[in-house]
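One file, protein36.pdb, carrying PDB, C-alpha atoms:
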ATOM      1  CA  MET A1207      14.071  -4.727  -5.249
ATOM      2  CA  GLY A1208      10.389  -4.840  -6.060
ATOM      3  CA  VAL A1209       7.179  -3.489  -4.591
ATOM      4  CA  TYR A1210       6.414  -4.083  -0.923
ATOM      5  CA  LEU A1211       3.335  -3.468   1.170
ATOM      6  CA  VAL A1212       4.379  -2.336   4.649
ATOM      7  CA  SER A1213       2.956  -0.916   7.842
ATOM      8  CA  VAL A1214       4.002   2.590   8.851
ATOM      9  CA  GLY A1215       5.172   3.254  12.398
ATOM     10  CA  ALA A1216       5.016   6.497  14.380
ATOM     11  CA  ARG A1217       8.568   7.619  13.611
ATOM     12  CA  GLU A1218       8.169   7.298   9.845
ATOM     13  CA  TRP A1219       4.655   8.804   9.958
ATOM     14  CA  SER A1220       5.879  11.978  11.646
ATOM     15  CA  ASP A1221       9.191  12.209   9.759
ATOM     16  CA  GLY A1222       9.148  15.321   7.583
ATOM     17  CA  SER A1223      12.270  14.351   5.631
ATOM     18  CA  GLU A1224      12.240  13.047   2.063
ATOM     19  CA  ASP A1225      12.332   9.454   3.361
ATOM     20  CA  GLY A1226       9.499   9.961   5.852
ATOM     21  CA  ARG A1227       5.764  10.308   5.484
ATOM     22  CA  GLY A1228       5.282  13.521   7.460
ATOM     23  CA  SER A1229       3.936  15.489   4.493
ATOM     24  CA  LEU A1230       1.452  12.686   3.836
ATOM     25  CA  ALA A1231       0.311  12.762   7.471
ATOM     26  CA  VAL A1232      -0.228  16.536   7.279
ATOM     27  CA  ALA A1233      -2.115  16.286   3.958
ATOM     28  CA  LEU A1234      -4.336  13.495   5.319
ATOM     29  CA  ASN A1235      -5.326  15.484   8.385
ATOM     30  CA  GLU A1236      -5.966  18.612   6.308
ATOM     31  CA  GLU A1237      -8.308  16.635   4.046
ATOM     32  CA  LEU A1238     -10.057  14.980   7.010
ATOM     33  CA  ARG A1239     -10.599  18.408   8.613
ATOM     34  CA  ARG A1240     -11.894  19.792   5.321
ATOM     35  CA  ARG A1241     -14.483  17.005   5.284
ATOM     36  CA  GLY A1242     -15.465  17.605   8.907
ATOM     37  CA  LEU A1243     -13.837  14.394  10.130
ATOM     38  CA  PRO A1244     -11.543  14.038  13.132
ATOM     39  CA  PRO A1245      -7.804  14.023  12.435
ATOM     40  CA  TYR A1246      -5.780  10.821  12.545
ATOM     41  CA  GLY A1247      -3.328  11.069  15.409
ATOM     42  CA  SER A1248      -0.416   8.728  14.936
ATOM     43  CA  PRO A1249       0.181   5.034  14.484
ATOM     44  CA  PRO A1250       1.808   3.071  17.271
ATOM     45  CA  GLU A1251       5.542   2.713  17.114
ATOM     46  CA  GLU A1252       6.652  -0.656  15.826
ATOM     47  CA  GLU A1253       8.571  -2.322  18.603
ATOM     48  CA  ASP A1254      11.769  -4.284  18.144
ATOM     49  CA  PHE A1255      11.134  -6.999  15.607
ATOM     50  CA  VAL A1256       9.937 -10.306  17.023
ATOM     51  CA  ARG A1257       8.937 -12.786  14.320
ATOM     52  CA  GLY A1258       5.257 -13.699  14.523
ATOM     53  CA  SER A1259       4.415 -10.895  16.951
ATOM     54  CA  GLY A1260       2.115  -9.092  14.514
ATOM     55  CA  GLN A1261       3.671  -5.726  15.411
ATOM     56  CA  SER A1262       4.539  -4.896  11.818
ATOM     57  CA  PHE A1263       3.412  -5.850   8.321
ATOM     58  CA  GLU A1264       5.675  -6.505   5.336
ATOM     59  CA  GLU A1265       4.894  -8.447   2.177
ATOM     60  CA  LYS A1266       6.321  -8.388  -1.334
ATOM     61  CA  LEU A1267       4.087  -8.260  -4.399
ATOM     62  CA  VAL A1268       5.626 -10.986  -6.522
ATOM     63  CA  PRO A1269       3.024 -13.044  -8.451
ATOM     64  CA  GLY A1270       1.095 -11.784 -11.447
ATOM     65  CA  MET A1271      -2.311 -10.221 -10.712
ATOM     66  CA  ASP A1272      -4.324 -11.368 -13.743
ATOM     67  CA  GLY A1273      -6.107 -14.199 -11.924
ATOM     68  CA  PHE A1274      -6.817 -11.970  -8.948
ATOM     69  CA  LEU A1275      -8.345  -9.264 -11.135
ATOM     70  CA  ALA A1276     -10.488 -11.913 -12.861
ATOM     71  CA  LEU A1277     -11.630 -13.088  -9.415
ATOM     72  CA  CYS A1278     -12.526  -9.497  -8.535
ATOM     73  CA  ARG A1279     -14.541  -9.134 -11.740
ATOM     74  CA  ALA A1280     -16.426 -12.342 -10.913
ATOM     75  CA  HIS A1281     -17.339 -11.373  -7.339
ATOM     76  CA  LEU A1282     -17.139  -7.571  -7.032
ATOM     77  CA  SER A1283     -18.476  -4.589  -8.921
ATOM     78  CA  GLN A1284     -16.007  -2.363 -10.767
ATOM     79  CA  GLU A1285     -16.397   0.264  -8.036
ATOM     80  CA  GLU A1286     -15.641  -2.338  -5.348
ATOM     81  CA  THR A1287     -12.634  -3.615  -7.292
ATOM     82  CA  ASP A1288     -11.317  -0.069  -7.613
ATOM     83  CA  ARG A1289     -11.718   0.432  -3.864
ATOM     84  CA  LEU A1290     -10.000  -2.859  -3.022
ATOM     85  CA  CYS A1291      -7.079  -2.427  -5.424
ATOM     86  CA  GLY A1292      -6.816   1.301  -6.104
ATOM     87  CA  TRP A1293      -5.340   2.683  -2.910
ATOM     88  CA  SER A1294      -1.744   3.581  -2.154
ATOM     89  CA  LEU A1295      -2.383   4.310   1.537
ATOM     90  CA  LEU A1296      -4.665   2.257   3.746
ATOM     91  CA  VAL A1297      -5.764   3.946   6.977
ATOM     92  CA  PRO A1298      -7.124   2.150  10.067
ATOM     93  CA  PHE A1299     -10.503   3.905  10.144
ATOM     94  CA  SER A1300     -13.608   3.957   7.957
ATOM     95  CA  LEU A1301     -13.869   6.264   4.985
ATOM     96  CA  ASP A1302     -17.101   6.507   3.009
ATOM     97  CA  GLN A1303     -15.131   7.312  -0.118
ATOM     98  CA  GLU A1304     -11.569   7.307  -1.342
ATOM     99  CA  LEU A1305      -9.511  10.417  -0.606
ATOM    100  CA  ILE A1306      -6.996  11.764  -3.101
ATOM    101  CA  LEU A1307      -4.104  13.643  -1.512
ATOM    102  CA  PRO A1308      -1.723  15.888  -3.491
ATOM    103  CA  VAL A1309       1.331  14.071  -2.114
ATOM    104  CA  GLY A1310       3.247  11.788  -4.449
ATOM    105  CA  ASP A1311       5.615   8.898  -3.998
ATOM    106  CA  ALA A1312       7.825   6.784  -6.241
ATOM    107  CA  TYR A1313       4.777   5.341  -8.006
ATOM    108  CA  ALA A1314       2.329   8.223  -8.480
ATOM    109  CA  ASP A1315       1.935  11.995  -8.204
ATOM    110  CA  GLU A1316      -0.982  11.648  -5.771
ATOM    111  CA  THR A1317      -1.899   9.340  -2.904
ATOM    112  CA  ALA A1318      -5.185   7.440  -2.997
ATOM    113  CA  VAL A1319      -6.404   6.725   0.542
ATOM    114  CA  CYS A1320      -8.943   4.062   1.542
ATOM    115  CA  GLY A1321     -10.287   2.910   4.873
ATOM    116  CA  ALA A1322      -9.120  -0.500   6.090
ATOM    117  CA  PRO A1323     -12.584  -1.610   7.299
ATOM    118  CA  GLN A1324     -13.984  -1.199   3.781
ATOM    119  CA  VAL A1325     -11.030  -3.013   2.189
ATOM    120  CA  GLU A1326     -11.259  -5.784   4.782
ATOM    121  CA  ALA A1327     -14.948  -6.381   4.002
ATOM    122  CA  LEU A1328     -14.266  -6.658   0.266
ATOM    123  CA  ALA A1329     -11.241  -8.925   0.732
ATOM    124  CA  GLN A1330     -13.250 -11.108   3.119
ATOM    125  CA  ARG A1331     -15.876 -11.613   0.418
ATOM    126  CA  LEU A1332     -13.157 -12.884  -1.907
ATOM    127  CA  ALA A1333     -11.633 -15.037   0.849
ATOM    128  CA  THR A1334     -15.041 -16.642   1.365
ATOM    129  CA  ALA A1335     -15.500 -17.135  -2.383
ATOM    130  CA  VAL A1336     -12.215 -19.051  -2.699
ATOM    131  CA  ALA A1337     -12.527 -20.739   0.730
ATOM    132  CA  LEU A1338      -9.149 -19.415   1.854
ATOM    133  CA  PRO A1339      -7.823 -22.003   4.333
ATOM    134  CA  PRO A1340      -7.107 -21.127   7.978
ATOM    135  CA  GLU A1341      -3.470 -22.174   7.523
ATOM    136  CA  VAL A1342      -2.759 -18.967   5.576
ATOM    137  CA  PRO A1343      -0.410 -16.939   7.825
ATOM    138  CA  SER A1344      -2.026 -14.149   9.799
ATOM    139  CA  ALA A1345       1.038 -12.422  11.320
ATOM    140  CA  CYS A1346       2.618 -11.049   8.159
ATOM    141  CA  ASP A1347       5.588  -9.266   9.634
ATOM    142  CA  ASN A1348       8.437 -10.749   7.627
ATOM    143  CA  LEU A1349       7.174 -11.846   4.223
ATOM    144  CA  ASP A1350       5.213 -14.671   5.849
ATOM    145  CA  LEU A1351       2.474 -14.691   3.191
ATOM    146  CA  THR A1352       4.954 -14.275   0.362
ATOM    147  CA  ASN A1353       7.034 -17.179   1.601
ATOM    148  CA  TRP A1354       4.032 -19.405   2.389
ATOM    149  CA  PHE A1355       2.622 -19.027  -1.109
ATOM    150  CA  LEU A1356       5.912 -19.039  -3.047
ATOM    151  CA  ASP A1357       8.134 -21.448  -1.115
ATOM    152  CA  GLY A1358       5.895 -24.498  -1.245
ATOM    153  CA  ASP A1359       3.694 -24.624   1.874
ATOM    154  CA  ALA A1360       0.629 -23.560  -0.119
ATOM    155  CA  THR A1361       1.388 -26.151  -2.803
ATOM    156  CA  LYS A1362       1.786 -28.878  -0.165
ATOM    157  CA  LEU A1363      -1.526 -27.978   1.466
ATOM    158  CA  ALA A1364      -3.240 -27.809  -1.935
ATOM    159  CA  ALA A1365      -2.120 -31.377  -2.657
ATOM    160  CA  VAL A1366      -3.849 -32.735   0.464
ATOM    161  CA  ARG A1367      -6.725 -30.249   0.737
ATOM    162  CA  PRO A1368      -7.528 -28.795  -2.671
ATOM    163  CA  GLY A1369     -10.316 -26.301  -3.092
ATOM    164  CA  PRO A1370     -11.203 -23.138  -4.964
ATOM    165  CA  TRP A1371      -8.289 -21.380  -3.253
ATOM    166  CA  SER A1372      -5.783 -23.809  -4.784
ATOM    167  CA  GLU A1373      -7.014 -23.411  -8.370
ATOM    168  CA  ASP A1374      -5.019 -20.176  -8.717
ATOM    169  CA  LEU A1375      -2.463 -19.711  -5.946
ATOM    170  CA  ASP A1376      -1.388 -16.325  -7.305
ATOM    171  CA  ALA A1377      -4.968 -15.033  -7.033
ATOM    172  CA  SER A1378      -5.292 -16.480  -3.528
ATOM    173  CA  PHE A1379      -2.038 -14.786  -2.541
ATOM    174  CA  TYR A1380      -3.531 -11.378  -3.372
ATOM    175  CA  VAL A1381      -6.796 -12.212  -1.605
ATOM    176  CA  ALA A1382      -4.776 -13.037   1.513
ATOM    177  CA  LEU A1383      -2.503 -10.017   1.044
ATOM    178  CA  TYR A1384      -5.327  -7.469   0.948
ATOM    179  CA  LEU A1385      -7.223  -9.232   3.729
ATOM    180  CA  ARG A1386      -4.249  -9.448   6.083
ATOM    181  CA  ALA A1387      -3.117  -5.883   5.316
ATOM    182  CA  ALA A1388      -6.554  -4.507   6.199
ATOM    183  CA  GLN A1389      -6.808  -6.693   9.309
ATOM    184  CA  HIS A1390      -3.380  -5.543  10.462
ATOM    185  CA  SER A1391      -4.256  -1.897   9.891
ATOM    186  CA  VAL A1392      -7.441  -2.164  11.949
ATOM    187  CA  ARG A1393      -5.877  -4.279  14.707
ATOM    188  CA  ARG A1394      -2.773  -2.118  15.155
ATOM    189  CA  GLY A1395      -4.277   1.251  14.228
ATOM    190  CA  ALA A1396      -1.495   1.674  11.664
ATOM    191  CA  PRO A1397      -1.452   2.822   8.044
ATOM    192  CA  ILE A1398      -0.297   0.431   5.331
ATOM    193  CA  ALA A1399       1.564   1.781   2.295
ATOM    194  CA  PHE A1400       3.450   0.652  -0.781
ATOM    195  CA  CYS A1401       7.183   1.152  -0.942
TER     196      CYS A1401
END

Target format C-alpha coordinates, applied to this file:
Amino acid sequence: MGVYLVSVGAREWSDGSEDGRGSLAVALNEELRRRGLPPYGSPPEEEDFVRGSGQSFEEKLVPGMDGFLALCRAHLSQEETDRLCGWSLLVPFSLDQELILPVGDAYADETAVCGAPQVEALAQRLATAVALPPEVPSACDNLDLTNWFLDGDATKLAAVRPGPWSEDLDASFYVALYLRAAQHSVRRGAPIAFC
(Lines of atoms letter the chains of each structure in order from A and count residues from 1; the text may use other names and numbers.)
(Lines give C-alpha, C1' and ligand atoms only; values in the text may rest on other atoms or scores of the structure.)
Protein backbone atom coordinates (compact mmCIF):
# COMPACT_ATOMS: atom_id res chain seq x y z
CA MET A 1 0.00 0.00 0.00
CA GLY A 2 1.00 3.64 0.00
CA VAL A 3 0.91 6.54 -2.42
CA TYR A 4 2.37 6.11 -5.90
CA LEU A 5 3.06 8.55 -8.69
CA VAL A 6 2.35 6.88 -12.03
CA SER A 7 2.02 7.65 -15.71
CA VAL A 8 -1.39 7.19 -17.32
CA GLY A 9 -1.67 5.27 -20.58
CA ALA A 10 -4.31 5.61 -23.31
CA ARG A 11 -6.51 2.75 -22.10
CA GLU A 12 -6.81 4.09 -18.55
CA TRP A 13 -7.21 7.68 -19.80
CA SER A 14 -10.22 6.79 -21.93
CA ASP A 15 -11.73 4.27 -19.49
CA GLY A 16 -15.05 5.61 -18.24
CA SER A 17 -15.39 3.01 -15.48
CA GLU A 18 -14.83 3.72 -11.79
CA ASP A 19 -11.23 2.47 -12.09
CA GLY A 20 -10.44 4.55 -15.17
CA ARG A 21 -9.78 8.22 -15.72
CA GLY A 22 -12.29 8.85 -18.50
CA SER A 23 -14.32 11.37 -16.49
CA LEU A 24 -11.10 13.24 -15.70
CA ALA A 25 -10.17 13.32 -19.39
CA VAL A 26 -13.60 14.73 -20.29
CA ALA A 27 -13.46 17.35 -17.50
CA LEU A 28 -9.95 18.42 -18.55
CA ASN A 29 -10.96 18.95 -22.16
CA GLU A 30 -14.11 20.83 -21.13
CA GLU A 31 -12.02 23.19 -19.01
CA LEU A 32 -9.41 23.64 -21.76
CA ARG A 33 -12.18 24.48 -24.26
CA ARG A 34 -13.73 26.91 -21.78
CA ARG A 35 -10.39 28.71 -21.60
CA GLY A 36 -9.99 28.76 -25.38
CA LEU A 37 -7.20 26.18 -25.37
CA PRO A 38 -6.95 23.13 -27.62
CA PRO A 39 -8.13 19.83 -26.15
CA TYR A 40 -5.67 17.18 -25.00
CA GLY A 41 -6.06 14.16 -27.24
CA SER A 42 -4.77 11.04 -25.57
CA PRO A 43 -1.55 9.77 -24.08
CA PRO A 44 0.36 7.04 -25.86
CA GLU A 45 -0.38 3.51 -24.81
CA GLU A 46 2.23 2.06 -22.51
CA GLU A 47 3.77 -0.87 -24.29
CA ASP A 48 4.63 -4.18 -22.67
CA PHE A 49 6.89 -3.50 -19.73
CA VAL A 50 10.60 -3.52 -20.48
CA ARG A 51 12.71 -2.40 -17.52
CA GLY A 52 14.65 0.78 -18.28
CA SER A 53 12.70 1.53 -21.46
CA GLY A 54 11.20 4.76 -20.11
CA GLN A 55 7.76 3.82 -21.47
CA SER A 56 6.06 4.18 -18.11
CA PHE A 57 6.62 5.98 -14.81
CA GLU A 58 6.04 4.54 -11.34
CA GLU A 59 7.49 5.69 -8.04
CA LYS A 60 6.37 5.34 -4.44
CA LEU A 61 6.31 8.30 -2.06
CA VAL A 62 8.04 6.83 0.96
CA PRO A 63 10.35 9.32 2.74
CA GLY A 64 9.14 12.23 4.83
CA MET A 65 8.77 15.57 3.01
CA ASP A 66 9.85 18.02 5.72
CA GLY A 67 13.36 18.55 4.34
CA PHE A 68 12.03 18.90 0.81
CA LEU A 69 9.50 21.54 1.86
CA ALA A 70 12.28 23.42 3.70
CA LEU A 71 14.35 23.27 0.50
CA CYS A 72 11.39 24.68 -1.44
CA ARG A 73 11.02 27.53 1.06
CA ALA A 74 14.73 28.33 0.68
CA HIS A 75 14.74 28.42 -3.13
CA LEU A 76 11.17 29.01 -4.34
CA SER A 77 8.39 31.46 -3.60
CA GLN A 78 5.25 30.16 -1.89
CA GLU A 79 3.40 30.37 -5.21
CA GLU A 80 6.14 28.33 -6.93
CA THR A 81 6.12 25.77 -4.12
CA ASP A 82 2.36 25.43 -4.43
CA ARG A 83 2.70 24.89 -8.18
CA LEU A 84 5.47 22.31 -7.77
CA CYS A 85 3.79 20.33 -4.98
CA GLY A 86 0.08 21.12 -5.23
CA TRP A 87 -1.04 19.17 -8.27
CA SER A 88 -2.76 15.81 -8.44
CA LEU A 89 -2.57 15.56 -12.24
CA LEU A 90 0.42 16.62 -14.30
CA VAL A 91 -0.25 17.14 -18.01
CA PRO A 92 2.40 17.16 -20.76
CA PHE A 93 1.72 20.69 -22.01
CA SER A 94 2.14 24.20 -20.63
CA LEU A 95 -0.51 25.79 -18.47
CA ASP A 96 -0.20 29.40 -17.36
CA GLN A 97 -2.10 28.60 -14.19
CA GLU A 98 -3.33 25.61 -12.27
CA LEU A 99 -6.70 24.19 -13.31
CA ILE A 100 -9.15 22.83 -10.75
CA LEU A 101 -11.44 20.11 -12.10
CA PRO A 102 -14.59 18.94 -10.29
CA VAL A 103 -13.49 15.30 -10.47
CA GLY A 104 -12.32 13.63 -7.27
CA ASP A 105 -10.19 10.64 -6.46
CA ALA A 106 -9.25 8.71 -3.33
CA TYR A 107 -7.36 11.72 -1.96
CA ALA A 108 -9.47 14.79 -2.77
CA ASP A 109 -12.85 15.94 -4.07
CA GLU A 110 -11.24 17.91 -6.90
CA THR A 111 -8.27 17.46 -9.22
CA ALA A 112 -5.57 20.13 -9.36
CA VAL A 113 -3.89 20.13 -12.78
CA CYS A 114 -0.48 21.63 -13.60
CA GLY A 115 1.61 21.71 -16.74
CA ALA A 116 4.71 19.51 -16.77
CA PRO A 117 6.97 22.17 -18.38
CA GLN A 118 6.31 24.54 -15.47
CA VAL A 119 6.89 21.80 -12.87
CA GLU A 120 10.04 20.68 -14.66
CA ALA A 121 11.50 24.20 -14.57
CA LEU A 122 10.87 24.53 -10.83
CA ALA A 123 12.23 21.06 -10.04
CA GLN A 124 15.30 21.79 -12.17
CA ARG A 125 16.01 24.87 -10.07
CA LEU A 126 16.00 22.68 -6.96
CA ALA A 127 18.11 20.01 -8.69
CA THR A 128 20.68 22.70 -9.50
CA ALA A 129 20.57 24.04 -5.94
CA VAL A 130 21.39 20.62 -4.45
CA ALA A 131 23.71 19.59 -7.33
CA LEU A 132 21.72 16.43 -7.99
CA PRO A 133 24.24 13.92 -9.39
CA PRO A 134 23.90 12.45 -12.89
CA GLU A 135 23.77 8.94 -11.41
CA VAL A 136 20.19 9.53 -10.24
CA PRO A 137 18.04 7.18 -12.36
CA SER A 138 16.24 8.78 -15.28
CA ALA A 139 14.04 5.89 -16.49
CA CYS A 140 11.70 5.59 -13.52
CA ASP A 141 9.46 2.81 -14.72
CA ASN A 142 9.68 0.37 -11.83
CA LEU A 143 10.43 2.23 -8.62
CA ASP A 144 13.94 2.98 -9.86
CA LEU A 145 14.24 6.27 -7.94
CA THR A 146 12.61 4.82 -4.84
CA ASN A 147 14.99 1.88 -4.83
CA TRP A 148 18.08 3.96 -5.65
CA PHE A 149 17.47 6.33 -2.75
CA LEU A 150 16.18 3.78 -0.21
CA ASP A 151 18.18 0.63 -0.95
CA GLY A 152 21.66 2.07 -0.53
CA ASP A 153 22.99 3.24 -3.92
CA ALA A 154 22.48 6.89 -2.97
CA THR A 155 24.20 6.33 0.38
CA LYS A 156 27.15 4.62 -1.33
CA LEU A 157 27.54 7.47 -3.81
CA ALA A 158 27.23 10.05 -1.02
CA ALA A 159 30.13 8.39 0.81
CA VAL A 160 32.49 8.84 -2.16
CA ARG A 161 31.01 12.02 -3.67
CA PRO A 162 29.23 14.03 -1.00
CA GLY A 163 27.60 17.32 -1.84
CA PRO A 164 24.52 19.38 -1.06
CA TRP A 165 22.36 16.58 -2.49
CA SER A 166 23.65 14.11 0.11
CA GLU A 167 22.95 16.34 3.12
CA ASP A 168 19.28 15.30 3.06
CA LEU A 169 18.64 12.25 0.88
CA ASP A 170 14.90 12.39 1.54
CA ALA A 171 14.74 15.95 0.18
CA SER A 172 16.86 14.96 -2.83
CA PHE A 173 14.53 12.04 -3.48
CA TYR A 174 11.59 14.43 -3.89
CA VAL A 175 13.63 16.81 -6.05
CA ALA A 176 14.42 13.88 -8.34
CA LEU A 177 10.85 12.56 -8.17
CA TYR A 178 9.23 15.81 -9.34
CA LEU A 179 11.95 16.41 -11.92
CA ARG A 180 11.75 12.94 -13.45
CA ALA A 181 7.93 12.90 -13.38
CA ALA A 182 7.78 16.18 -15.30
CA GLN A 183 10.49 15.07 -17.74
CA HIS A 184 8.66 11.81 -18.38
CA SER A 185 5.37 13.61 -18.95
CA VAL A 186 6.90 15.96 -21.51
CA ARG A 187 8.97 13.26 -23.24
CA ARG A 188 6.14 10.73 -23.54
CA GLY A 189 3.23 13.15 -23.84
CA ALA A 190 1.56 11.35 -20.93
CA PRO A 191 -0.21 12.56 -17.80
CA ILE A 192 1.20 11.69 -14.38
CA ALA A 193 -1.17 11.09 -11.46
CA PHE A 194 -1.22 9.91 -7.87
CA CYS A 195 -2.77 6.58 -7.04

* Skipping near chain neighbours, those fewer than 6 positions away, what residues fall within 8 Å of Leu1230 (chain A) using only C-alpha atoms, listed as number ranges by chain? -> A: 1219, 1307, 1309

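Among the candidates A:Pro1298, A:Gly1273, A:Pro1308, A:Pro1343, the residue lying nearest to Ser1378 (chain A) is A:Gly1273 (atoms considered: only C-alpha atoms).
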
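A straight line drawn from CA of Gly1222 (chain A) to CA of Gln1324 (chain A) is 28.7 Å long.
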
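Put simply, the PyMOL selection byres ((chain A and resi 1344) around 9) in this file takes in A:Gly1258, A:Gly1260, A:Pro1340, A:Glu1341, A:Val1342, A:Pro1343, A:Ala1345, A:Cys1346, A:Asp1350, A:Leu1351, A:Ala1382, A:Arg1386, A:Gln1389, A:His1390.
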
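Remark: for Leu1356 (chain A), the closest of the candidate residues A:Val1268, A:Leu1301, A:Ala1312, A:Val1336 is A:Val1268 (distances computed over only C-alpha atoms).
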
Contacts between region 1284-1287 of chain A and region 1297-1352 of chain A, please, where a residue of region 1297-1352 of chain A counts if it comes within 12 Å (with all atoms listed in the file); show its shortest atom pair and distance in Å to one decimal, rows by chain and ascending number, as CSV.
residue,atom,partner,partner_atom,distance
A:Gln1303,CA,A:Glu1285,CA,10.7
A:Glu1304,CA,A:Glu1285,CA,10.9
A:Cys1320,CA,A:Glu1286,CA,11.5
A:Gln1324,CA,A:Glu1286,CA,9.3
A:Val1325,CA,A:Glu1286,CA,8.9
A:Glu1326,CA,A:Glu1286,CA,11.6
A:Ala1327,CA,A:Glu1286,CA,10.2
A:Leu1328,CA,A:Glu1286,CA,7.2
A:Ala1329,CA,A:Thr1287,CA,9.7
A:Arg1331,CA,A:Glu1286,CA,10.9
A:Leu1332,CA,A:Thr1287,CA,10.7

* Taking the file above as input, evaluate the PyMOL selection byres ((chain A and resi 1364-1376) around 9) and report the hits as JSON, numbers by chain. => {"A": [1268, 1269, 1270, 1271, 1272, 1273, 1274, 1333, 1335, 1336, 1337, 1338, 1339, 1355, 1356, 1359, 1360, 1361, 1362, 1363, 1377, 1378, 1379, 1380, 1381]}

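Nearest-residue note for Glu1218 (chain A): choosing from A:Leu1238, A:Leu1385, A:Val1392, A:Ile1398, the minimum distance belongs to A:Ile1398, counting only C-alpha atoms.
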
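Here the question is which of A:Leu1243, A:Leu1296, A:Cys1278, A:Ala1399 gets nearest to Val1209 (chain A) using all atoms listed in the file, and that residue is A:Ala1399.
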
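By all atoms listed in the file, and with residues fewer than 5 positions from Gly1395 (chain A) along its chain excluded, the set lying at most 9 Å from it is Ser1248, Pro1249, Pro1250, Val1297, Pro1298, Phe1299 and His1390 of chain A.
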